[in-house]
$ cat run08.cif   # mmCIF, C-alpha atoms
data_query
loop_
_atom_site.label_atom_id
_atom_site.label_comp_id
_atom_site.auth_asym_id
_atom_site.auth_seq_id
_atom_site.Cartn_x
_atom_site.Cartn_y
_atom_site.Cartn_z
CA MET W 1 246.93 69.92 192.00
CA PRO W 2 245.86 73.58 191.68
CA LEU W 3 242.33 74.19 192.67
CA HIS W 4 241.28 75.58 189.27
CA ARG W 5 242.50 72.39 187.50
CA GLN W 6 240.69 70.20 190.02
CA ALA W 7 237.51 72.25 189.48
CA ARG W 8 237.74 71.82 185.69
CA LYS W 9 238.32 68.06 186.12
CA ASP W 10 235.34 67.75 188.42
CA ALA W 11 233.17 69.72 185.99
CA THR W 12 234.24 67.49 183.08
CA LEU W 13 233.50 64.31 185.05
CA LYS W 14 230.12 65.68 186.07
CA ALA W 15 229.25 66.54 182.48
CA TRP W 16 230.30 63.05 181.32
CA VAL W 17 228.22 61.35 184.02
CA SER W 18 225.29 63.54 183.12
CA LYS W 19 225.67 62.64 179.43
CA VAL W 20 225.88 58.94 180.22
CA SER W 21 222.87 59.24 182.52
CA ARG W 22 220.86 60.96 179.79
CA ARG W 23 221.77 58.20 177.35
CA ALA W 24 220.80 55.54 179.89
CA VAL W 25 217.50 57.23 180.55
CA LEU W 26 216.87 57.57 176.81
CA ALA W 27 217.73 53.89 176.24
CA ALA W 28 215.48 52.86 179.11
CA ALA W 29 212.68 55.02 177.72
CA LEU W 30 213.08 53.51 174.24
CA LEU W 31 213.10 50.01 175.74
CA ALA W 32 209.98 50.79 177.75
CA ILE W 33 208.23 52.10 174.64
CA ALA W 34 209.22 48.97 172.72
CA LEU W 35 207.97 46.70 175.49
CA VAL W 36 204.69 48.56 175.81
CA GLY W 37 204.29 48.45 172.05
CA SER W 38 204.93 44.72 171.94
CA LEU W 39 202.44 44.16 174.74
CA ALA W 40 199.87 46.20 172.89
CA ILE W 41 200.49 44.18 169.74
CA TYR W 42 200.21 40.95 171.75
CA ARG W 43 196.90 42.09 173.23
CA ASP W 44 195.62 42.82 169.72
CA ARG W 45 196.44 39.30 168.52
CA PRO W 46 193.67 36.66 168.39
CA ASP W 47 193.44 34.01 171.08
CA SER W 48 196.21 31.45 171.36
CA ASP W 49 196.26 28.55 168.91
CA LEU W 50 195.76 26.27 171.90
CA ALA W 51 192.16 25.98 173.03
CA SER W 52 189.84 23.43 174.57
CA PRO W 53 187.93 21.34 172.00
CA ALA W 54 184.27 22.26 171.63
CA ARG W 55 182.69 18.92 172.49
CA THR W 56 179.25 19.80 173.78
CA VAL W 57 176.69 17.08 174.44
CA PRO W 58 173.02 17.72 173.59
CA SER W 59 170.30 17.22 176.16
CA GLY W 60 169.27 13.59 176.48
CA LEU W 61 172.76 12.19 175.86
CA VAL W 62 175.15 11.19 178.64
CA ARG W 63 178.88 11.69 178.28
CA PHE W 64 180.79 8.48 178.85
CA ASP W 65 183.51 10.32 180.80
CA ALA W 66 180.98 11.87 183.19
CA PRO W 67 180.29 10.15 186.54
CA GLU W 68 176.91 8.98 185.27
CA GLY W 69 178.47 7.63 182.09
CA ARG W 70 181.07 5.64 183.97
CA ARG W 71 178.42 4.25 186.30
CA LEU W 72 176.38 3.05 183.33
CA LEU W 73 179.36 1.10 182.01
CA PHE W 74 180.11 -0.50 185.39
CA GLU W 75 176.48 -1.56 185.76
CA SER W 76 175.90 -2.54 182.12
CA GLU W 77 174.95 -6.10 181.29
CA ALA W 78 176.34 -6.27 177.73
CA HIS W 79 179.86 -4.89 177.42
CA ALA W 80 182.05 -7.66 175.97
CA ALA W 81 182.83 -5.42 172.98
CA PHE W 82 184.07 -2.50 175.06
CA LEU W 83 187.62 -3.47 176.04
CA PRO W 84 188.68 -4.90 172.65
CA LEU W 85 187.40 -1.75 170.91
CA ILE W 86 188.75 0.79 173.38
CA SER W 87 192.15 -0.93 173.20
CA HIS W 88 192.21 -0.14 169.48
CA PHE W 89 190.33 3.15 169.48
CA GLU W 90 190.75 5.28 166.36
CA THR W 91 190.00 8.95 165.87
CA GLN W 92 188.95 9.43 162.27
CA LYS W 93 191.72 11.20 160.38
CA SER W 94 189.34 13.41 158.41
CA GLN W 95 185.67 14.32 158.58
CA THR W 96 184.72 11.70 155.97
CA TYR W 97 186.69 8.81 157.48
CA CYS W 98 184.26 7.65 160.17
CA GLY W 99 183.60 4.43 158.27
CA ILE W 100 187.29 3.65 157.80
CA ALA W 101 188.11 4.36 161.46
CA SER W 102 185.26 2.09 162.56
CA ILE W 103 186.47 -0.69 160.25
CA ALA W 104 190.04 -0.47 161.58
CA MET W 105 188.82 -0.60 165.18
CA VAL W 106 186.64 -3.66 164.64
CA LEU W 107 189.21 -5.60 162.57
CA ASN W 108 191.88 -5.00 165.21
CA ALA W 109 189.47 -5.87 168.03
CA LEU W 110 188.71 -9.19 166.27
CA GLU W 111 192.46 -9.80 165.78
CA VAL W 112 191.99 -10.36 162.06
CA PRO W 113 195.32 -10.94 160.22
CA ALA W 114 196.49 -7.48 159.22
CA PRO W 115 198.81 -6.03 156.59
CA LYS W 116 202.05 -4.30 157.50
CA ALA W 117 201.59 -0.78 158.80
CA ALA W 118 204.09 1.52 157.11
CA ALA W 119 204.34 3.78 160.16
CA TYR W 120 205.29 0.87 162.45
CA GLY W 121 208.06 -0.89 160.55
CA SER W 122 207.45 -4.61 160.21
CA TYR W 123 204.55 -4.69 162.65
CA ARG W 124 201.08 -5.53 161.43
CA LEU W 125 198.01 -3.53 162.36
CA PHE W 126 194.97 -2.18 160.59
CA THR W 127 195.19 1.59 160.27
CA GLN W 128 193.23 4.22 158.43
CA GLU W 129 196.06 4.27 155.89
CA ASN W 130 196.08 0.57 154.98
CA VAL W 131 192.45 -0.58 155.32
CA LEU W 132 191.84 0.53 151.73
CA ASN W 133 194.21 -0.98 149.18
CA SER W 134 194.20 -3.03 145.99
CA LEU W 135 192.06 -5.64 147.74
CA THR W 136 189.21 -3.19 148.30
CA ASP W 137 189.36 -1.30 145.00
CA SER W 138 186.28 -3.15 143.79
CA VAL W 139 184.33 -1.71 146.73
CA ILE W 140 185.47 1.89 147.11
CA SER W 141 188.54 4.03 146.56
CA ASP W 142 190.35 6.26 149.00
CA ARG W 143 189.49 9.21 146.78
CA ALA W 144 185.77 8.43 147.01
CA VAL W 145 185.93 8.17 150.80
CA ALA W 146 187.76 11.49 151.01
CA ARG W 147 185.11 13.09 148.83
CA ARG W 148 181.85 11.77 150.29
CA GLY W 149 182.45 9.18 153.01
CA MET W 150 180.96 5.67 152.94
CA PHE W 151 177.57 4.04 152.72
CA LEU W 152 176.68 1.33 155.21
CA ALA W 153 176.80 -1.34 152.49
CA GLU W 154 180.33 -0.27 151.55
CA VAL W 155 181.49 -0.62 155.15
CA ALA W 156 180.03 -4.14 155.17
CA GLN W 157 181.76 -5.04 151.91
CA VAL W 158 185.18 -3.79 153.03
CA LEU W 159 184.85 -5.81 156.24
CA GLY W 160 183.90 -8.83 154.16
CA VAL W 161 187.08 -8.54 152.13
CA TYR W 162 189.03 -9.37 155.30
CA GLY W 163 187.07 -12.52 156.01
CA VAL W 164 184.75 -11.48 158.81
CA SER W 165 181.04 -12.25 158.73
CA VAL W 166 178.76 -9.24 158.37
CA ASP W 167 174.98 -8.95 158.50
CA ILE W 168 173.50 -5.65 157.33
CA HIS W 169 170.21 -4.41 158.73
CA TYR W 170 168.49 -1.31 157.40
CA ALA W 171 166.43 0.51 160.00
CA SER W 172 163.64 1.04 157.46
CA ALA W 173 163.18 -2.73 157.27
CA SER W 174 163.64 -3.41 160.97
CA GLY W 175 162.19 -2.23 164.28
CA ILE W 176 163.47 -1.04 167.61
CA GLU W 177 162.72 -4.33 169.37
CA ALA W 178 164.61 -6.37 166.79
CA PHE W 179 167.51 -3.92 166.87
CA ARG W 180 167.73 -3.97 170.65
CA THR W 181 167.63 -7.77 170.82
CA LEU W 182 170.28 -8.29 168.14
CA ALA W 183 172.58 -5.52 169.34
CA VAL W 184 172.48 -6.59 172.99
CA ASP W 185 173.25 -10.20 172.02
CA TYR W 186 176.30 -9.10 170.02
CA LEU W 187 177.58 -6.65 172.62
CA GLY W 188 177.33 -9.32 175.29
CA ASN W 189 179.38 -11.95 173.49
CA PRO W 190 183.14 -11.90 172.77
CA GLY W 191 184.19 -11.72 169.16
CA ARG W 192 181.11 -9.79 168.05
CA HIS W 193 180.60 -6.12 167.29
CA VAL W 194 177.92 -3.66 166.21
CA ILE W 195 178.53 -0.70 163.90
CA VAL W 196 175.77 1.90 163.56
CA ASN W 197 175.08 4.44 160.83
CA TYR W 198 172.85 7.26 162.04
CA SER W 199 171.84 10.88 161.54
CA ARG W 200 173.70 13.23 163.87
CA SER W 201 170.97 15.85 163.69
CA ALA W 202 168.44 13.33 164.99
CA LEU W 203 170.53 13.14 168.18
CA GLY W 204 170.80 16.91 168.43
CA GLN W 205 174.43 16.85 167.26
CA ALA W 206 175.95 18.99 164.54
CA GLY W 207 176.66 17.41 161.20
CA PRO W 208 175.13 14.94 158.74
CA GLY W 209 175.29 11.14 158.88
CA HIS W 210 177.87 9.33 160.95
CA ILE W 211 179.30 5.84 161.52
CA SER W 212 180.75 4.45 164.76
CA PRO W 213 180.85 1.19 166.72
CA LEU W 214 178.83 0.49 169.84
CA GLY W 215 180.64 -0.39 173.05
CA ALA W 216 178.01 -1.50 175.56
CA TYR W 217 174.35 -1.59 176.60
CA ASP W 218 172.76 -0.81 179.97
CA ALA W 219 169.36 -2.43 180.47
CA ASP W 220 168.14 -0.29 183.39
CA SER W 221 168.48 2.94 181.39
CA ASP W 222 167.92 1.26 178.01
CA ARG W 223 170.99 3.06 176.64
CA PHE W 224 173.70 2.13 174.17
CA LEU W 225 177.25 3.49 174.34
CA ILE W 226 178.43 5.00 171.05
CA LEU W 227 182.24 5.01 170.82
CA ASP W 228 182.25 8.06 168.57
CA VAL W 229 185.29 8.03 166.26
CA SER W 230 185.15 11.80 165.76
CA ARG W 231 186.72 12.31 169.19
CA TYR W 232 187.83 15.85 168.27
CA LYS W 233 184.18 16.82 167.86
CA THR W 234 181.99 14.62 170.03
CA PRO W 235 182.91 12.42 173.00
CA ALA W 236 181.62 8.89 173.49
CA VAL W 237 178.00 9.11 174.66
CA TRP W 238 175.23 6.97 176.05
CA VAL W 239 172.05 7.30 173.99
CA SER W 240 168.66 5.70 174.54
CA ALA W 241 167.71 2.81 172.28
CA GLU W 242 164.72 4.81 171.06
CA GLN W 243 166.85 7.85 170.17
CA LEU W 244 169.47 5.76 168.42
CA PHE W 245 166.98 3.76 166.38
CA ARG W 246 165.17 6.91 165.37
CA ALA W 247 168.50 8.38 164.23
CA MET W 248 169.23 5.25 162.19
CA ALA W 249 165.75 5.25 160.68
CA GLU W 250 166.09 8.79 159.37
CA PRO W 251 166.70 8.44 155.61
CA LYS W 252 169.39 10.31 153.73
CA GLY W 253 166.77 11.62 151.35
CA PRO W 254 163.50 10.78 149.57
CA ASP W 255 165.38 8.74 146.97
CA ASN W 256 167.49 6.81 149.48
CA PRO W 257 165.29 5.54 152.34
CA ASP W 258 167.46 2.49 153.06
CA ALA W 259 170.74 4.33 153.63
CA ARG W 260 171.09 3.95 157.40
CA GLY W 261 171.01 1.06 159.82
CA PHE W 262 173.45 -1.23 161.63
CA LEU W 263 175.97 -3.98 160.98
CA LEU W 264 176.44 -7.13 163.03
CA VAL W 265 180.08 -8.17 162.69
CA ARG W 266 181.65 -11.38 163.93
CA ALA W 267 184.81 -13.36 163.43
CA PRO W 268 184.59 -16.48 161.24
CA SER W 269 183.17 -19.47 163.08
CA ASP W 270 185.58 -22.04 164.52
CA GLY W 271 184.98 -24.44 161.68
CA GLN W 272 185.38 -21.78 159.01
CA SER W 273 188.85 -20.97 157.76
CA ARG W 274 189.70 -17.32 157.46
CA ARG W 275 189.66 -16.05 153.91
CA ARG W 276 192.93 -14.54 152.88
CA PRO W 277 192.87 -10.83 152.09
CA GLY W 278 192.42 -10.66 148.36
CA CYS W 279 189.05 -12.32 147.99
CA ARG W 280 186.42 -10.22 146.30
CA ALA W 281 184.02 -8.25 148.42
CA PRO W 282 180.47 -9.59 148.60
CA THR W 283 177.97 -7.90 146.34
#
$ encode --input "run08.cif" --output "structure tokens"
Amino acid sequence: MPLHRQARKDATLKAWVSKVSRRAVLAAALLAIALVGSLAIYRDRPDSDLASPARTVPSGLVRFDAPEGRRLLFESEAHAAFLPLISHFETQKSQTYCGIASIAMVLNALEVPAPKAAAYGSYRLFTQENVLNSLTDSVISDRAVARRGMFLAEVAQVLGVYGVSVDIHYASASGIEAFRTLAVDYLGNPGRHVIVNYSRSALGQAGPGHISPLGAYDADSDRFLILDVSRYKTPAVWVSAEQLFRAMAEPKGPDNPDARGFLLVRAPSDGQSRRRPGCRAPT
């Protein structure tokens, strides 16, 4: 090939390579700009939707999942209620459903005959969806619970519909010694449970009144274990008998001094036949 043709060919190839190189560089630059831009946008976004739950514990309370909390359970004298309840633990499905979650836990722990649970096919279990039904309409409706929660007396009445025995004790008409004696006796015997209704603020927690079952009592520290059903907000905690009673004794308001207290719940006695669901709630 003549030298001048070879020179032109080489020049053309060089120009083409240069053009391709410029395009590659431009593409790389555009890609880099896009990546940097996307990273900048990502940095400007709020924190990820995934975050640790804010479950702080006020001074004076002991987290159950802390080493000290576990030690208290192992050394506690009255803990017969713990395993049946923890086996059926419920996290309240909304911020007004603490009473319903507590009821479901206790009924399942007592192995009370349950209705079918829609979410579990033909299996029977008390859930926060089926505790309230046509049998409990005379006590309270689901709409009322969603709007304002439950009073202690309403929790007792719903439990009574399902045939369990319930004694209601208002803190304003009781005392810490009587509460401690009764609660320890129930927590130490199978087939018996204690549900407490107390002021969160009196324990240094955020929020108004609350309902949850007790799981155990440790005599050396004089503390009760609250199996808090608002697990997303507050973990289970050990609280002193004095703190807990003071929180139960705090009235809802000047016109409602008897609002808070505790329930003693037990299965029907051996000689007593279980009432079928459908009986009217006690008044």
$ atom_distance --input "run08.cif" --atom1 "CA of Asn130 in chain W" --atom2 "CA of Ala104 in chain W"
9.0 Å
$ resolve_selection --input "run08.cif" --expression "the PyMOL selection byres ((chain W and resi 64) around 9)" --output "PyMOL selection string"
chain W and resi 62-63+65-73+225-227+235-238
$ closest_residue --input "run08.cif" --among "W:Ala247, W:Leu264, W:Leu135, W:Ala109" --to "Val158 in chain W" --atoms "all atoms listed in the file"
W:Leu135
$ closest_residue --input "run08.cif" --among "W:Ala206, W:Ala267, W:Val196, W:Leu85" --to "Arg246 in chain W" --atoms "all atoms listed in the file"
W:Val196
$ closest_residue --input "run08.cif" --among "W:Thr234, W:Thr96, W:Ser165, W:Ser199" --to "Gly253 in chain W" --atoms "all atoms listed in the file"
W:Ser199
$ closest_residue --input "run08.cif" --among "W:Val239, W:Arg148, W:Tyr186, W:Pro53" --to "Asp167 in chain W" --atoms "only C-alpha atoms"
W:Tyr186
$ resolve_selection --input "run08.cif" --expression "the PyMOL selection byres ((chain W and resi 136) around 9)" --output "ChimeraX atom specification"
/W:131-135,137-141,157-158,161,278,280-281
$ closest_residue --input "run08.cif" --among "W:Met105, W:Gly99, W:Pro58, W:Ser240" --to "Phe151 in chain W" --atoms "all atoms listed in the file"
W:Gly99
$ closest_residue --input "run08.cif" --among "W:Arg231, W:Arg147, W:Arg266, W:His169" --to "Met248 in chain W" --atoms "all atoms listed in the file"
W:His169
$ residues_near_point --input "run08.cif" --point "(196.6, 0.5, 156.4)" --cutoff "10 Å" --atoms "only C-alpha atoms" --output "ChimeraX atom specification"
/W:100,104,114-119,124-133
$ write_last_selection --input "run08.cif" --atoms "C-alpha atoms" --output "tab-separated table (two decimals), keeping the file's coordinate frame"
chain	number	residue	atom	x	y	z
W	100	ILE	CA	187.29	3.65	157.80
W	104	ALA	CA	190.04	-0.47	161.58
W	114	ALA	CA	196.49	-7.48	159.22
W	115	PRO	CA	198.81	-6.03	156.59
W	116	LYS	CA	202.05	-4.30	157.50
W	117	ALA	CA	201.59	-0.78	158.80
W	118	ALA	CA	204.09	1.52	157.11
W	119	ALA	CA	204.34	3.78	160.16
W	124	ARG	CA	201.08	-5.53	161.43
W	125	LEU	CA	198.01	-3.53	162.36
W	126	PHE	CA	194.97	-2.18	160.59
W	127	THR	CA	195.19	1.59	160.27
W	128	GLN	CA	193.23	4.22	158.43
W	129	GLU	CA	196.06	4.27	155.89
W	130	ASN	CA	196.08	0.57	154.98
W	131	VAL	CA	192.45	-0.58	155.32
W	132	LEU	CA	191.84	0.53	151.73
W	133	ASN	CA	194.21	-0.98	149.18
$ residues_around --input "run08.cif" --residues "Val166 in chain W" --least-positions-apart "2" --cutoff "8 Å" --atoms "all atoms listed in the file" --output "VMD selection string"
chain W and resid 156 159 to 160 164 168 263 to 266
$ residues_near_point --input "run08.cif" --point "(185.8, 12.2, 153.8)" --cutoff "10 Å" --atoms "only C-alpha atoms" --output "ChimeraX atom specification"
/W:92-100,142-150
$ resolve_selection --input "run08.cif" --expression "the PyMOL selection byres ((chain W and resi 261) around 9)" --output "PyMOL selection string"
chain W and resi 152+168-172+174+195-198+245+247-249+258-260+262-263
$ atom_distance --input "run08.cif" --atom1 "CA of Ser201 in chain W" --atom2 "CA of Glu242 in chain W"
14.7 Å
$ atom_distance --input "run08.cif" --atom1 "CA of Glu77 in chain W" --atom2 "CA of Pro113 in chain W"
29.7 Å
$ residues_around --input "run08.cif" --residues "Leu187 in chain W" --least-positions-apart "6" --cutoff "10 Å" --atoms "all atoms listed in the file" --output "compact mmCIF listing (two decimals) with C-alpha atoms, in the frame of the given file"
# COMPACT_ATOMS: atom_id res chain seq x y z
CA GLU W 77 174.95 -6.10 181.29
CA ALA W 78 176.34 -6.27 177.73
CA HIS W 79 179.86 -4.89 177.42
CA ALA W 80 182.05 -7.66 175.97
CA ALA W 81 182.83 -5.42 172.98
CA PHE W 82 184.07 -2.50 175.06
CA HIS W 193 180.60 -6.12 167.29
CA VAL W 194 177.92 -3.66 166.21
CA LEU W 214 178.83 0.49 169.84
CA GLY W 215 180.64 -0.39 173.05
CA ALA W 216 178.01 -1.50 175.56
CA TYR W 217 174.35 -1.59 176.60
CA PHE W 224 173.70 2.13 174.17
CA LEU W 264 176.44 -7.13 163.03
$ decode --input "run08.cif" --residues "range 117-183 of chain W" --atoms "C-alpha atoms" --output "mmCIF file, in the first residue's frame"
data_model
loop_
_atom_site.group_PDB
_atom_site.id
_atom_site.type_symbol
_atom_site.label_atom_id
_atom_site.label_comp_id
_atom_site.auth_asym_id
_atom_site.auth_seq_id
_atom_site.Cartn_x
_atom_site.Cartn_y
_atom_site.Cartn_z
ATOM 1 C CA ALA W 117 -59.584 -17.623 65.545
ATOM 2 C CA ALA W 118 -60.165 -16.484 61.968
ATOM 3 C CA ALA W 119 -56.443 -16.090 61.307
ATOM 4 C CA TYR W 120 -55.699 -19.695 62.338
ATOM 5 C CA GLY W 121 -58.260 -21.716 60.411
ATOM 6 C CA SER W 122 -60.189 -24.104 62.617
ATOM 7 C CA TYR W 123 -57.940 -23.634 65.639
ATOM 8 C CA ARG W 124 -59.305 -22.009 68.760
ATOM 9 C CA LEU W 125 -57.494 -19.276 70.636
ATOM 10 C CA PHE W 126 -58.399 -15.988 72.249
ATOM 11 C CA THR W 127 -57.030 -13.100 70.207
ATOM 12 C CA GLN W 128 -57.469 -9.360 70.274
ATOM 13 C CA GLU W 129 -59.804 -9.781 67.304
ATOM 14 C CA ASN W 130 -62.256 -12.256 68.848
ATOM 15 C CA VAL W 131 -62.348 -11.401 72.572
ATOM 16 C CA LEU W 132 -65.059 -8.843 71.840
ATOM 17 C CA ASN W 133 -68.085 -10.210 70.004
ATOM 18 C CA SER W 134 -71.850 -10.515 70.336
ATOM 19 C CA LEU W 135 -71.368 -12.093 73.762
ATOM 20 C CA THR W 136 -69.694 -8.979 75.156
ATOM 21 C CA ASP W 137 -71.829 -6.316 73.462
ATOM 22 C CA SER W 138 -73.641 -5.675 76.728
ATOM 23 C CA VAL W 139 -70.311 -4.729 78.320
ATOM 24 C CA ILE W 140 -68.418 -2.717 75.720
ATOM 25 C CA SER W 141 -68.057 -2.447 71.962
ATOM 26 C CA ASP W 142 -64.941 -2.635 69.851
ATOM 27 C CA ARG W 143 -65.606 0.928 68.741
ATOM 28 C CA ALA W 144 -65.634 2.156 72.346
ATOM 29 C CA VAL W 145 -62.349 0.393 73.106
ATOM 30 C CA ALA W 146 -60.756 1.900 70.006
ATOM 31 C CA ARG W 147 -61.925 5.344 71.078
ATOM 32 C CA ARG W 148 -61.094 5.442 74.798
ATOM 33 C CA GLY W 149 -59.816 2.087 76.058
ATOM 34 C CA MET W 150 -61.378 0.202 78.982
ATOM 35 C CA PHE W 151 -62.197 0.783 82.614
ATOM 36 C CA LEU W 152 -61.131 -1.801 85.169
ATOM 37 C CA ALA W 153 -64.748 -2.830 85.769
ATOM 38 C CA GLU W 154 -65.230 -3.463 82.049
ATOM 39 C CA VAL W 155 -62.184 -5.732 81.959
ATOM 40 C CA ALA W 156 -63.676 -7.678 84.880
ATOM 41 C CA GLN W 157 -67.053 -7.974 83.150
ATOM 42 C CA VAL W 158 -65.596 -9.217 79.863
ATOM 43 C CA LEU W 159 -63.596 -11.845 81.750
ATOM 44 C CA GLY W 160 -66.772 -12.846 83.573
ATOM 45 C CA VAL W 161 -68.556 -13.467 80.293
ATOM 46 C CA TYR W 162 -66.138 -16.345 79.665
ATOM 47 C CA GLY W 163 -66.828 -18.023 82.976
ATOM 48 C CA VAL W 164 -63.786 -17.129 85.041
ATOM 49 C CA SER W 165 -64.092 -15.780 88.569
ATOM 50 C CA VAL W 166 -63.018 -12.173 89.027
ATOM 51 C CA ASP W 167 -62.657 -10.053 92.157
ATOM 52 C CA ILE W 168 -62.214 -6.321 91.626
ATOM 53 C CA HIS W 169 -60.312 -4.227 94.144
ATOM 54 C CA TYR W 170 -60.082 -0.458 93.879
ATOM 55 C CA ALA W 171 -56.893 0.972 95.322
ATOM 56 C CA SER W 172 -58.845 3.801 96.938
ATOM 57 C CA ALA W 173 -60.671 1.239 99.083
ATOM 58 C CA SER W 174 -57.665 -0.969 99.764
ATOM 59 C CA GLY W 175 -54.130 -0.614 101.121
ATOM 60 C CA ILE W 176 -50.655 -1.673 100.133
ATOM 61 C CA GLU W 177 -50.507 -4.488 102.691
ATOM 62 C CA ALA W 178 -53.776 -6.002 101.511
ATOM 63 C CA PHE W 179 -52.710 -5.657 97.881
ATOM 64 C CA ARG W 180 -49.346 -7.292 98.489
ATOM 65 C CA THR W 181 -50.869 -10.206 100.411
ATOM 66 C CA LEU W 182 -53.580 -10.915 97.844
ATOM 67 C CA ALA W 183 -51.351 -10.452 94.797
#
